[in-house]
file target.pdb (PDB, C-alpha atoms and all ligand atoms)
ATOM      1  CA  MET A  20     -64.239-178.582 -35.904
ATOM      2  CA  ARG A  21     -63.127-178.644 -39.551
ATOM      3  CA  ILE A  22     -60.343-176.250 -40.623
ATOM      4  CA  ASN A  23     -60.324-175.177 -44.256
ATOM      5  CA  MET A  24     -56.664-175.161 -45.428
ATOM      6  CA  SER A  25     -55.307-173.939 -48.726
ATOM      7  CA  ARG A  26     -51.975-172.991 -50.284
ATOM      8  CA  SER A  27     -51.056-170.425 -52.942
ATOM      9  CA  TRP A  28     -47.902-168.986 -54.433
ATOM     10  CA  ALA A  29     -47.230-165.248 -54.700
ATOM     11  CA  MET A  30     -44.298-162.829 -54.777
ATOM     12  CA  PRO A  31     -43.352-161.575 -51.295
ATOM     13  CA  ASN A  32     -44.520-158.047 -50.450
ATOM     14  CA  SER A  33     -44.139-156.152 -47.180
ATOM     15  CA  ASN A  34     -47.614-154.721 -47.869
ATOM     16  CA  THR A  35     -49.080-158.075 -46.879
ATOM     17  CA  PHE A  36     -52.717-157.423 -47.778
ATOM     18  CA  SER A  37     -51.744-156.402 -51.323
ATOM     19  CA  ILE A  38     -50.644-160.007 -51.963
ATOM     20  CA  LYS A  39     -53.522-161.223 -54.148
ATOM     21  CA  PRO A  40     -54.513-164.498 -52.434
ATOM     22  CA  ILE A  41     -54.342-162.766 -49.025
ATOM     23  CA  LYS A  42     -56.423-159.821 -50.239
ATOM     24  CA  ASN A  43     -58.978-162.241 -51.689
ATOM     25  CA  LEU A  44     -59.159-164.175 -48.427
ATOM     26  CA  ILE A  45     -59.691-161.096 -46.237
ATOM     27  CA  LYS A  46     -62.183-159.120 -48.347
ATOM     28  CA  PRO A  47     -65.359-161.185 -47.740
ATOM     29  CA  TYR A  48     -64.847-160.959 -43.960
ATOM     30  CA  LEU A  49     -64.945-157.149 -44.112
ATOM     31  CA  VAL A  50     -68.097-156.733 -46.141
ATOM     32  CA  GLY A  51     -70.151-159.470 -44.487
ATOM     33  CA  LYS A  52     -73.559-158.913 -42.921
ATOM     34  CA  GLY A  53     -73.412-157.248 -39.519
ATOM     35  CA  VAL A  54     -69.752-156.110 -39.810
ATOM     36  CA  SER A  55     -69.626-152.532 -38.597
ATOM     37  CA  GLN A  56     -66.338-152.108 -36.732
ATOM     38  CA  VAL A  57     -63.063-153.318 -38.233
ATOM     39  CA  VAL A  58     -59.766-152.489 -36.514
ATOM     40  CA  ASP A  59     -56.257-152.636 -38.002
ATOM     41  CA  PRO A  60     -53.491-151.771 -35.482
ATOM     42  CA  PHE A  61     -50.642-152.282 -38.033
ATOM     43  CA  VAL A  62     -52.186-150.821 -41.181
ATOM     44  CA  ARG A  63     -49.146-149.745 -43.272
ATOM     45  CA  ASN A  64     -50.431-149.693 -46.921
ATOM     46  CA  SER A  65     -53.425-151.967 -46.492
ATOM     47  CA  PRO A  66     -55.909-151.733 -49.387
ATOM     48  CA  PHE A  67     -58.648-152.045 -46.715
ATOM     49  CA  LYS A  68     -57.568-148.856 -44.915
ATOM     50  CA  ASN A  69     -60.829-147.074 -45.687
ATOM     51  CA  LEU A  70     -62.927-149.890 -44.229
ATOM     52  CA  CYS A  71     -61.253-149.892 -40.826
ATOM     53  CA  ILE A  72     -60.086-147.842 -37.867
ATOM     54  CA  SER A  73     -56.428-147.638 -38.830
ATOM     55  CA  ASN A  74     -53.248-147.309 -36.803
ATOM     56  CA  ASP A  75     -49.531-147.547 -37.483
ATOM     57  CA  LEU A  76     -46.632-146.514 -35.295
ATOM     58  CA  ASP A  77     -44.872-144.971 -38.294
ATOM     59  CA  PRO A  78     -45.961-141.313 -38.606
ATOM     60  CA  LEU A  79     -45.189-141.372 -42.333
ATOM     61  CA  ILE A  80     -47.931-143.942 -42.900
ATOM     62  CA  ASP A  81     -51.374-142.638 -43.834
ATOM     63  CA  ALA A  82     -53.393-143.840 -40.812
ATOM     64  CA  GLN A  83     -55.988-142.393 -38.427
ATOM     65  CA  PHE A  84     -53.747-143.031 -35.398
ATOM     66  CA  HIS A  85     -49.997-143.315 -34.863
ATOM     67  CA  MET A  86     -49.870-145.070 -31.527
ATOM     68  CA  ASP A  87     -48.091-148.115 -30.225
ATOM     69  CA  ALA A  88     -50.464-150.957 -31.179
ATOM     70  CA  LEU A  89     -50.884-152.070 -27.566
ATOM     71  CA  ASP A  90     -51.969-148.593 -26.427
ATOM     72  CA  PHE A  91     -54.233-148.309 -29.485
ATOM     73  CA  LEU A  92     -55.988-151.636 -28.771
ATOM     74  CA  LYS A  93     -56.489-150.604 -25.139
ATOM     75  CA  THR A  94     -58.704-147.709 -26.285
ATOM     76  CA  PHE A  95     -61.479-150.102 -27.436
ATOM     77  CA  ASP A  96     -64.282-151.382 -25.209
ATOM     78  CA  ASP A  97     -64.665-155.072 -24.362
ATOM     79  CA  ARG A  98     -66.360-157.248 -27.003
ATOM     80  CA  LYS A  99     -67.302-154.427 -29.396
ATOM     81  CA  VAL A 100     -65.102-155.022 -32.477
ATOM     82  CA  ASP A 101     -66.384-157.243 -35.303
ATOM     83  CA  VAL A 102     -63.069-157.879 -37.087
ATOM     84  CA  VAL A 103     -59.408-157.335 -36.152
ATOM     85  CA  LEU A 104     -56.773-157.484 -38.898
ATOM     86  CA  PHE A 105     -53.657-158.511 -37.004
ATOM     87  CA  ASP A 106     -50.488-158.205 -39.106
ATOM     88  CA  PRO A 107     -47.708-157.290 -36.651
ATOM     89  CA  PRO A 108     -43.939-157.574 -37.175
ATOM     90  CA  TYR A 109     -43.264-161.314 -37.546
ATOM     91  CA  SER A 110     -40.060-161.657 -35.498
ATOM     92  CA  THR A 111     -38.204-159.999 -32.634
ATOM     93  CA  ARG A 112     -35.733-158.757 -35.238
ATOM     94  CA  GLN A 113     -38.513-156.998 -37.173
ATOM     95  CA  VAL A 114     -39.836-155.452 -33.933
ATOM     96  CA  SER A 115     -36.356-154.151 -33.042
ATOM     97  CA  GLU A 116     -35.791-152.742 -36.544
ATOM     98  CA  CYS A 117     -39.117-150.932 -36.473
ATOM     99  CA  TYR A 118     -38.618-149.537 -32.956
ATOM    100  CA  ARG A 119     -35.077-148.341 -33.751
ATOM    101  CA  LYS A 120     -36.373-146.594 -36.890
ATOM    102  CA  MET A 121     -38.948-144.758 -34.712
ATOM    103  CA  ASP A 122     -36.353-143.940 -32.010
ATOM    104  CA  LYS A 123     -38.318-146.057 -29.540
ATOM    105  CA  ALA A 124     -36.719-148.070 -26.740
ATOM    106  CA  VAL A 125     -35.806-151.661 -27.603
ATOM    107  CA  ASN A 126     -36.080-153.640 -24.375
ATOM    108  CA  MET A 127     -37.238-156.959 -22.881
ATOM    109  CA  GLU A 128     -40.893-156.120 -23.601
ATOM    110  CA  THR A 129     -40.235-155.523 -27.288
ATOM    111  CA  THR A 130     -37.804-158.338 -28.007
ATOM    112  CA  GLN A 131     -39.528-161.304 -26.368
ATOM    113  CA  SER A 132     -42.691-163.245 -27.092
ATOM    114  CA  LEU A 133     -44.384-161.074 -24.464
ATOM    115  CA  PHE A 134     -44.687-158.464 -27.239
ATOM    116  CA  TRP A 135     -47.218-160.663 -29.103
ATOM    117  CA  THR A 136     -48.760-162.153 -25.917
ATOM    118  CA  ASN A 137     -49.781-158.702 -24.654
ATOM    119  CA  LEU A 138     -51.242-157.726 -28.030
ATOM    120  CA  LYS A 139     -53.175-160.990 -28.320
ATOM    121  CA  ARG A 140     -54.713-160.496 -24.883
ATOM    122  CA  GLU A 141     -56.092-157.109 -25.996
ATOM    123  CA  VAL A 142     -57.389-158.534 -29.280
ATOM    124  CA  GLY A 143     -59.098-161.306 -27.299
ATOM    125  CA  ARG A 144     -60.726-158.714 -25.071
ATOM    126  CA  ILE A 145     -62.094-156.374 -27.769
ATOM    127  CA  VAL A 146     -63.438-158.848 -30.352
ATOM    128  CA  SER A 147     -67.184-159.410 -30.073
ATOM    129  CA  PRO A 148     -68.742-162.861 -29.589
ATOM    130  CA  ASN A 149     -68.782-164.509 -33.014
ATOM    131  CA  GLY A 150     -66.284-161.862 -34.241
ATOM    132  CA  ILE A 151     -63.239-162.568 -36.392
ATOM    133  CA  CYS A 152     -59.499-162.072 -36.098
ATOM    134  CA  ILE A 153     -57.279-162.555 -39.162
ATOM    135  CA  THR A 154     -53.636-163.008 -38.144
ATOM    136  CA  CYS A 155     -50.619-163.000 -40.472
ATOM    137  CA  GLY A 156     -47.212-164.306 -39.505
ATOM    138  CA  TRP A 157     -44.782-167.188 -39.703
ATOM    139  CA  ASN A 158     -46.916-169.407 -37.452
ATOM    140  CA  SER A 159     -50.552-170.474 -37.278
ATOM    141  CA  GLY A 160     -50.940-169.774 -33.552
ATOM    142  CA  GLY A 161     -53.410-166.921 -34.085
ATOM    143  CA  ILE A 162     -55.013-165.450 -30.973
ATOM    144  CA  GLY A 163     -55.631-168.894 -29.544
ATOM    145  CA  LYS A 164     -58.035-171.201 -27.805
ATOM    146  CA  SER A 165     -57.251-169.876 -24.341
ATOM    147  CA  LEU A 166     -58.681-166.479 -25.366
ATOM    148  CA  GLY A 167     -61.817-168.090 -26.775
ATOM    149  CA  PHE A 168     -60.939-168.363 -30.474
ATOM    150  CA  SER A 169     -61.135-171.308 -32.824
ATOM    151  CA  ILE A 170     -59.538-171.591 -36.246
ATOM    152  CA  GLU A 171     -61.844-171.586 -39.275
ATOM    153  CA  GLU A 172     -59.396-171.179 -42.118
ATOM    154  CA  ILE A 173     -55.644-171.243 -42.791
ATOM    155  CA  LEU A 174     -53.966-170.008 -45.974
ATOM    156  CA  LEU A 175     -50.296-170.728 -46.666
ATOM    157  CA  VAL A 176     -48.698-168.397 -49.169
ATOM    158  CA  ALA A 177     -45.390-169.722 -50.457
ATOM    159  CA  HIS A 178     -42.942-167.215 -51.917
ATOM    160  CA  GLY A 179     -40.366-169.464 -53.567
ATOM    161  CA  GLY A 180     -36.695-170.073 -52.875
ATOM    162  CA  TRP A 181     -36.027-170.602 -49.175
ATOM    163  CA  HIS A 182     -38.292-167.709 -48.193
ATOM    164  CA  ASN A 183     -40.658-168.259 -45.226
ATOM    165  CA  ASP A 184     -44.307-168.796 -46.140
ATOM    166  CA  THR A 185     -46.758-166.156 -44.994
ATOM    167  CA  ILE A 186     -49.381-167.921 -42.881
ATOM    168  CA  ILE A 187     -52.827-166.383 -42.580
ATOM    169  CA  THR A 188     -55.041-167.727 -39.810
ATOM    170  CA  VAL A 189     -58.732-166.840 -39.625
ATOM    171  CA  GLU A 190     -60.277-167.387 -36.190
ATOM    172  CA  ARG A 191     -63.759-166.846 -34.812
ATOM    173  CA  LYS A 192     -64.431-165.959 -31.206
ATOM    174  CA  ALA A 193     -66.826-168.198 -29.319
ATOM    175  CA  ASN A 194     -70.377-166.968 -29.125
ATOM    176  CA  ALA A 195     -70.226-166.741 -25.328
ATOM    177  CA  LEU A 196     -68.567-164.479 -22.792
ATOM    178  CA  VAL A 197     -64.837-165.149 -22.304
TER     179      VAL A 197
HETATM  180  C1  LIG B   1     -46.346-156.333 -41.500
HETATM  181  S1  LIG B   1     -46.556-154.594 -41.633
HETATM  182  C2  LIG B   1     -48.311-154.441 -41.936
HETATM  183  C3  LIG B   1     -48.624-154.510 -43.398
HETATM  184  C4  LIG B   1     -50.082-154.215 -43.732
HETATM  185  N1  LIG B   1     -50.958-155.268 -43.277
HETATM  186  C5  LIG B   1     -50.260-154.027 -45.223
HETATM  187  O1  LIG B   1     -50.939-154.833 -45.875
HETATM  188  O2  LIG B   1     -49.686-153.069 -45.762
HETATM  189  C6  LIG B   1     -46.379-154.103 -39.943
HETATM  190  C7  LIG B   1     -46.594-152.596 -39.695
HETATM  191  O3  LIG B   1     -46.650-152.443 -38.276
HETATM  192  C8  LIG B   1     -46.045-151.213 -37.924
HETATM  193  N2  LIG B   1     -45.633-151.396 -36.511
HETATM  194  C9  LIG B   1     -44.559-152.076 -36.028
HETATM  195  N3  LIG B   1     -44.557-152.092 -34.691
HETATM  196  C10 LIG B   1     -45.670-151.409 -34.314
HETATM  197  C11 LIG B   1     -46.248-151.105 -33.057
HETATM  198  N4  LIG B   1     -45.678-151.496 -31.914
HETATM  199  N5  LIG B   1     -47.406-150.421 -33.027
HETATM  200  C12 LIG B   1     -48.009-150.021 -34.176
HETATM  201  N6  LIG B   1     -47.511-150.277 -35.399
HETATM  202  C13 LIG B   1     -46.354-150.963 -35.472
HETATM  203  C14 LIG B   1     -44.931-151.008 -38.908
HETATM  204  O4  LIG B   1     -44.671-149.618 -39.071
HETATM  205  C15 LIG B   1     -45.512-151.661 -40.185
HETATM  206  O5  LIG B   1     -46.069-150.675 -41.007
END
call {"tool": "encode", "arguments": {"input": "target.pdb", "output": "structure tokens"}}
result
Amino acid sequence: MRINMSRSWAMPNSNTFSIKPIKNLIKPYLVGKGVSQVVDPFVRNSPFKNLCISNDLDPLIDAQFHMDALDFLKTFDDRKVDVVLFDPPYSTRQVSECYRKMDKAVNMETTQSLFWTNLKREVGRIVSPNGICITCGWNSGGIGKSLGFSIEEILLVAHGGWHNDTIITVERKANALV
């Protein structure tokens, strides 16, 4: 299967989806034919907030829910969500910083790769056959083959200096039960 790869340059911004090339990549996936349920478990200041069911742990963020993302994802039925926007903290350090800020426990579950593994399992469960997950991070692992996804598109956004690129991976779930 062919993967469409591209690279852009943009200033870094913690509001990831406000970065122009990222915003431009995501938008067509949200307004496509047959897209009715879009879920964003880490919404922060996403410009697509009004198009999705929004969640963010931080109570100061304007979102419909303020739950831990894992608990939030568990509230959705199997194979019912058309698109998941998956923009979690990118490192164990970012997870710890966020949890400390919210006075939440920082433990083995929050500071190891299990944090992302558990979230990915839930995303894999709720996305519908042929549905999309758009993952942002410092790797292109996405949700992964083992959960039934294949990569359609990867965008690298360089930020200059020795800053990490932001990597956006668009995956589609197989059109069969997983
Ligand atoms: C990378 S930012 C998302 C940025 C967003 N896509 C945007 O364009 O503005 C990650 C967000 O996840 C939230 N967050 C961190 N850990 C969380 C958790 N366990 N559950 C829910 N939200 C969490 C943070 O408060 C932060 O707003």
call {"tool": "resolve_selection", "arguments": {"input": "target.pdb", "expression": "the PyMOL selection byres (((chain A and resi 143) around 9) and not hetatm)", "output": "ChimeraX atom specification"}}
result
/A:97-98,138-142,144-147,152,162-163,166-168,192,197
call {"tool": "closest_atom_pairs", "arguments": {"input": "target.pdb", "of": "chain A", "to": "ligand LIG 1 (chain B)", "cutoff": "9 Å", "atoms": "only C-alpha atoms and all ligand atoms", "output": "JSON lines"}}
result
{"residue": "A:Asn32", "atom": "CA", "partner": "B:LIG1", "partner_atom": "O1", "distance": 8.5}
{"residue": "A:Ser33", "atom": "CA", "partner": "B:LIG1", "partner_atom": "C3", "distance": 6.1}
{"residue": "A:Asn34", "atom": "CA", "partner": "B:LIG1", "partner_atom": "O2", "distance": 3.4}
{"residue": "A:Thr35", "atom": "CA", "partner": "B:LIG1", "partner_atom": "O1", "distance": 3.9}
{"residue": "A:Phe36", "atom": "CA", "partner": "B:LIG1", "partner_atom": "O1", "distance": 3.7}
{"residue": "A:Ser37", "atom": "CA", "partner": "B:LIG1", "partner_atom": "O1", "distance": 5.7}
{"residue": "A:Ile38", "atom": "CA", "partner": "B:LIG1", "partner_atom": "O1", "distance": 8.0}
{"residue": "A:Lys42", "atom": "CA", "partner": "B:LIG1", "partner_atom": "O1", "distance": 8.6}
{"residue": "A:Asp59", "atom": "CA", "partner": "B:LIG1", "partner_atom": "N1", "distance": 7.9}
{"residue": "A:Pro60", "atom": "CA", "partner": "B:LIG1", "partner_atom": "C12", "distance": 5.9}
{"residue": "A:Phe61", "atom": "CA", "partner": "B:LIG1", "partner_atom": "O3", "distance": 4.0}
{"residue": "A:Val62", "atom": "CA", "partner": "B:LIG1", "partner_atom": "C4", "distance": 4.7}
{"residue": "A:Arg63", "atom": "CA", "partner": "B:LIG1", "partner_atom": "O5", "distance": 3.9}
{"residue": "A:Asn64", "atom": "CA", "partner": "B:LIG1", "partner_atom": "O2", "distance": 3.6}
{"residue": "A:Ser65", "atom": "CA", "partner": "B:LIG1", "partner_atom": "O1", "distance": 3.8}
{"residue": "A:Pro66", "atom": "CA", "partner": "B:LIG1", "partner_atom": "O1", "distance": 6.8}
{"residue": "A:Phe67", "atom": "CA", "partner": "B:LIG1", "partner_atom": "O1", "distance": 8.2}
{"residue": "A:Lys68", "atom": "CA", "partner": "B:LIG1", "partner_atom": "C5", "distance": 9.0}
{"residue": "A:Asn74", "atom": "CA", "partner": "B:LIG1", "partner_atom": "C12", "distance": 6.5}
{"residue": "A:Asp75", "atom": "CA", "partner": "B:LIG1", "partner_atom": "N6", "distance": 4.0}
{"residue": "A:Leu76", "atom": "CA", "partner": "B:LIG1", "partner_atom": "N6", "distance": 3.9}
{"residue": "A:Asp77", "atom": "CA", "partner": "B:LIG1", "partner_atom": "O4", "distance": 4.7}
{"residue": "A:Pro78", "atom": "CA", "partner": "B:LIG1", "partner_atom": "O4", "distance": 8.4}
{"residue": "A:Leu79", "atom": "CA", "partner": "B:LIG1", "partner_atom": "O4", "distance": 8.9}
{"residue": "A:Ile80", "atom": "CA", "partner": "B:LIG1", "partner_atom": "O5", "distance": 7.2}
{"residue": "A:His85", "atom": "CA", "partner": "B:LIG1", "partner_atom": "C12", "distance": 7.0}
{"residue": "A:Met86", "atom": "CA", "partner": "B:LIG1", "partner_atom": "C12", "distance": 5.9}
{"residue": "A:Asp87", "atom": "CA", "partner": "B:LIG1", "partner_atom": "N5", "distance": 3.7}
{"residue": "A:Ala88", "atom": "CA", "partner": "B:LIG1", "partner_atom": "N5", "distance": 3.6}
{"residue": "A:Leu89", "atom": "CA", "partner": "B:LIG1", "partner_atom": "N5", "distance": 6.7}
{"residue": "A:Asp90", "atom": "CA", "partner": "B:LIG1", "partner_atom": "N5", "distance": 8.2}
{"residue": "A:Phe91", "atom": "CA", "partner": "B:LIG1", "partner_atom": "N5", "distance": 8.0}
{"residue": "A:Leu104", "atom": "CA", "partner": "B:LIG1", "partner_atom": "N1", "distance": 7.6}
{"residue": "A:Phe105", "atom": "CA", "partner": "B:LIG1", "partner_atom": "N1", "distance": 7.6}
{"residue": "A:Asp106", "atom": "CA", "partner": "B:LIG1", "partner_atom": "N1", "distance": 5.1}
{"residue": "A:Pro107", "atom": "CA", "partner": "B:LIG1", "partner_atom": "C6", "distance": 4.8}
{"residue": "A:Pro108", "atom": "CA", "partner": "B:LIG1", "partner_atom": "C6", "distance": 5.1}
{"residue": "A:Tyr109", "atom": "CA", "partner": "B:LIG1", "partner_atom": "C1", "distance": 7.1}
{"residue": "A:Gln113", "atom": "CA", "partner": "B:LIG1", "partner_atom": "C9", "distance": 7.9}
{"residue": "A:Val114", "atom": "CA", "partner": "B:LIG1", "partner_atom": "N3", "distance": 5.8}
{"residue": "A:Ser115", "atom": "CA", "partner": "B:LIG1", "partner_atom": "N3", "distance": 8.6}
{"residue": "A:Glu116", "atom": "CA", "partner": "B:LIG1", "partner_atom": "C9", "distance": 8.8}
{"residue": "A:Cys117", "atom": "CA", "partner": "B:LIG1", "partner_atom": "C9", "distance": 5.6}
{"residue": "A:Tyr118", "atom": "CA", "partner": "B:LIG1", "partner_atom": "N3", "distance": 6.7}
{"residue": "A:Met121", "atom": "CA", "partner": "B:LIG1", "partner_atom": "O4", "distance": 8.7}
{"residue": "A:Thr129", "atom": "CA", "partner": "B:LIG1", "partner_atom": "N4", "distance": 8.2}
{"residue": "A:Phe134", "atom": "CA", "partner": "B:LIG1", "partner_atom": "N4", "distance": 8.4}
{"residue": "A:Cys155", "atom": "CA", "partner": "B:LIG1", "partner_atom": "C1", "distance": 8.0}
{"residue": "A:Gly156", "atom": "CA", "partner": "B:LIG1", "partner_atom": "C1", "distance": 8.3}
call {"tool": "resolve_selection", "arguments": {"input": "target.pdb", "expression": "the PyMOL selection byres (((chain A and resi 178-184) around 7) and not hetatm)", "output": "PDB file with C-alpha atoms, in the coordinates of the input"}}
result
ATOM      1  CA  TRP A  28     -47.902-168.986 -54.433  1.00  0.00           C
ATOM      2  CA  ALA A  29     -47.230-165.248 -54.700  1.00  0.00           C
ATOM      3  CA  MET A  30     -44.298-162.829 -54.777  1.00  0.00           C
ATOM      4  CA  PRO A  31     -43.352-161.575 -51.295  1.00  0.00           C
ATOM      5  CA  TRP A 157     -44.782-167.188 -39.703  1.00  0.00           C
ATOM      6  CA  LEU A 175     -50.296-170.728 -46.666  1.00  0.00           C
ATOM      7  CA  VAL A 176     -48.698-168.397 -49.169  1.00  0.00           C
ATOM      8  CA  ALA A 177     -45.390-169.722 -50.457  1.00  0.00           C
ATOM      9  CA  THR A 185     -46.758-166.156 -44.994  1.00  0.00           C
ATOM     10  CA  ILE A 186     -49.381-167.921 -42.881  1.00  0.00           C
TER      11      ILE A 186
END
call {"tool": "closest_residue", "arguments": {"input": "target.pdb", "among": "A:Met24, A:Ala195, A:Ile72, A:Val100", "to": "A:Leu44", "atoms": "all atoms listed in the file"}}
result
A:Met24
call {"tool": "resolve_selection", "arguments": {"input": "target.pdb", "expression": "the PyMOL selection byres (((chain A and resi 190) around 7) and not hetatm)", "output": "MDAnalysis selection string"}}
result
chainID A and resid 151:153 168:171 188:189 191:192
call {"tool": "axis_aligned_box", "arguments": {"input": "target.pdb", "around": "stretch 106-117 of chain A", "padding_each_side": "3 Å", "output": "lines of an AutoDock Vina configuration file"}}
result
center_x = -43.1
center_y = -156.3
center_z = -35.9
size_x = 20.8
size_y = 16.7
size_z = 12.5
call {"tool": "atom_distance", "arguments": {"input": "target.pdb", "atom1": "atom CA of A:Ser159", "atom2": "atom CA of A:Leu174"}}
result
9.4 Å
call {"tool": "closest_residue", "arguments": {"input": "target.pdb", "among": "A:Asn43, A:Leu70, A:Ala124, A:Gln131", "to": "A:Gln83", "atoms": "only C-alpha atoms"}}
result
A:Leu70
call {"tool": "atom_distance", "arguments": {"input": "target.pdb", "atom1": "atom CA of A:Ala193", "atom2": "atom CA of A:Phe95"}}
result
19.0 Å
call {"tool": "closest_residue", "arguments": {"input": "target.pdb", "among": "A:Gln56, A:Glu128, A:Arg21, A:Asn137", "to": "A:Lys99", "atoms": "only C-alpha atoms"}}
result
A:Gln56
call {"tool": "closest_residue", "arguments": {"input": "target.pdb", "among": "A:Gly51, A:Val57, A:Ser165, A:Thr154", "to": "A:Ile187", "atoms": "all atoms listed in the file"}}
result
A:Thr154
call {"tool": "atom_distance", "arguments": {"input": "target.pdb", "atom1": "atom CA of A:Ser73", "atom2": "atom CA of A:Gly53"}}
result
19.5 Å
call {"tool": "closest_residue", "arguments": {"input": "target.pdb", "among": "A:Ala82, A:Arg119, A:Val125, A:Ile41", "to": "A:Asn69", "atoms": "all atoms listed in the file"}}
result
A:Ala82
call {"tool": "build_atoms", "arguments": {"input": "target.pdb", "residues": "stretch 93-100 of chain A", "atoms": "all heavy atoms", "output": "PDB file, in the frame of the given file"}}
result
ATOM      1  N   LYS A  93     -55.922-150.846 -26.471  1.00  0.00           N
ATOM      2  CA  LYS A  93     -56.489-150.604 -25.139  1.00  0.00           C
ATOM      3  C   LYS A  93     -57.581-149.544 -25.151  1.00  0.00           C
ATOM      4  O   LYS A  93     -58.324-149.407 -24.181  1.00  0.00           O
ATOM      5  CB  LYS A  93     -55.378-150.197 -24.160  1.00  0.00           C
ATOM      6  CG  LYS A  93     -54.556-151.392 -23.696  1.00  0.00           C
ATOM      7  CD  LYS A  93     -53.488-150.982 -22.703  1.00  0.00           C
ATOM      8  CE  LYS A  93     -52.717-152.212 -22.242  1.00  0.00           C
ATOM      9  NZ  LYS A  93     -51.503-151.881 -21.493  1.00  0.00           N
ATOM     10  N   THR A  94     -57.687-148.763 -26.241  1.00  0.00           N
ATOM     11  CA  THR A  94     -58.704-147.709 -26.285  1.00  0.00           C
ATOM     12  C   THR A  94     -60.089-148.256 -26.642  1.00  0.00           C
ATOM     13  O   THR A  94     -61.074-147.521 -26.581  1.00  0.00           O
ATOM     14  CB  THR A  94     -58.339-146.608 -27.319  1.00  0.00           C
ATOM     15  OG1 THR A  94     -58.336-147.179 -28.635  1.00  0.00           O
ATOM     16  CG2 THR A  94     -56.989-145.977 -27.030  1.00  0.00           C
ATOM     17  N   PHE A  95     -60.182-149.536 -27.032  1.00  0.00           N
ATOM     18  CA  PHE A  95     -61.479-150.102 -27.436  1.00  0.00           C
ATOM     19  C   PHE A  95     -62.160-150.800 -26.256  1.00  0.00           C
ATOM     20  O   PHE A  95     -61.501-151.402 -25.412  1.00  0.00           O
ATOM     21  CB  PHE A  95     -61.293-151.094 -28.595  1.00  0.00           C
ATOM     22  CG  PHE A  95     -60.862-150.412 -29.866  1.00  0.00           C
ATOM     23  CD1 PHE A  95     -59.508-150.228 -30.141  1.00  0.00           C
ATOM     24  CD2 PHE A  95     -61.801-149.903 -30.746  1.00  0.00           C
ATOM     25  CE1 PHE A  95     -59.096-149.561 -31.282  1.00  0.00           C
ATOM     26  CE2 PHE A  95     -61.400-149.235 -31.896  1.00  0.00           C
ATOM     27  CZ  PHE A  95     -60.045-149.059 -32.164  1.00  0.00           C
ATOM     28  N   ASP A  96     -63.506-150.722 -26.258  1.00  0.00           N
ATOM     29  CA  ASP A  96     -64.282-151.382 -25.209  1.00  0.00           C
ATOM     30  C   ASP A  96     -64.257-152.895 -25.391  1.00  0.00           C
ATOM     31  O   ASP A  96     -64.001-153.396 -26.480  1.00  0.00           O
ATOM     32  CB  ASP A  96     -65.744-150.909 -25.272  1.00  0.00           C
ATOM     33  CG  ASP A  96     -65.875-149.471 -24.824  1.00  0.00           C
ATOM     34  OD1 ASP A  96     -64.971-148.988 -24.105  1.00  0.00           O
ATOM     35  OD2 ASP A  96     -66.862-148.827 -25.210  1.00  0.00           O
ATOM     36  N   ASP A  97     -64.586-153.601 -24.329  1.00  0.00           N
ATOM     37  CA  ASP A  97     -64.665-155.072 -24.362  1.00  0.00           C
ATOM     38  C   ASP A  97     -65.724-155.512 -25.374  1.00  0.00           C
ATOM     39  O   ASP A  97     -66.838-154.961 -25.396  1.00  0.00           O
ATOM     40  CB  ASP A  97     -65.104-155.627 -22.994  1.00  0.00           C
ATOM     41  CG  ASP A  97     -64.063-155.399 -21.908  1.00  0.00           C
ATOM     42  OD1 ASP A  97     -63.015-154.780 -22.187  1.00  0.00           O
ATOM     43  OD2 ASP A  97     -64.320-155.844 -20.772  1.00  0.00           O
ATOM     44  N   ARG A  98     -65.391-156.530 -26.153  1.00  0.00           N
ATOM     45  CA  ARG A  98     -66.360-157.248 -27.003  1.00  0.00           C
ATOM     46  C   ARG A  98     -67.184-156.352 -27.929  1.00  0.00           C
ATOM     47  O   ARG A  98     -68.379-156.550 -28.090  1.00  0.00           O
ATOM     48  CB  ARG A  98     -67.314-158.078 -26.116  1.00  0.00           C
ATOM     49  CG  ARG A  98     -66.597-159.112 -25.279  1.00  0.00           C
ATOM     50  CD  ARG A  98     -67.542-160.000 -24.533  1.00  0.00           C
ATOM     51  NE  ARG A  98     -68.267-159.316 -23.497  1.00  0.00           N
ATOM     52  CZ  ARG A  98     -67.812-159.133 -22.270  1.00  0.00           C
ATOM     53  NH1 ARG A  98     -66.625-159.617 -21.922  1.00  0.00           N
ATOM     54  NH2 ARG A  98     -68.535-158.515 -21.376  1.00  0.00           N
ATOM     55  N   LYS A  99     -66.541-155.344 -28.530  1.00  0.00           N
ATOM     56  CA  LYS A  99     -67.302-154.427 -29.396  1.00  0.00           C
ATOM     57  C   LYS A  99     -66.827-154.451 -30.855  1.00  0.00           C
ATOM     58  O   LYS A  99     -67.474-153.886 -31.729  1.00  0.00           O
ATOM     59  CB  LYS A  99     -67.165-152.973 -28.875  1.00  0.00           C
ATOM     60  CG  LYS A  99     -67.943-152.713 -27.611  1.00  0.00           C
ATOM     61  CD  LYS A  99     -69.436-152.574 -27.910  1.00  0.00           C
ATOM     62  CE  LYS A  99     -70.212-152.102 -26.724  1.00  0.00           C
ATOM     63  NZ  LYS A  99     -70.894-153.175 -26.008  1.00  0.00           N
ATOM     64  N   VAL A 100     -65.696-155.089 -31.133  1.00  0.00           N
ATOM     65  CA  VAL A 100     -65.102-155.022 -32.477  1.00  0.00           C
ATOM     66  C   VAL A 100     -65.476-156.279 -33.265  1.00  0.00           C
ATOM     67  O   VAL A 100     -65.338-157.396 -32.758  1.00  0.00           O
ATOM     68  CB  VAL A 100     -63.567-154.865 -32.361  1.00  0.00           C
ATOM     69  CG1 VAL A 100     -62.901-154.943 -33.717  1.00  0.00           C
ATOM     70  CG2 VAL A 100     -63.216-153.557 -31.660  1.00  0.00           C
TER      71      VAL A 100
END
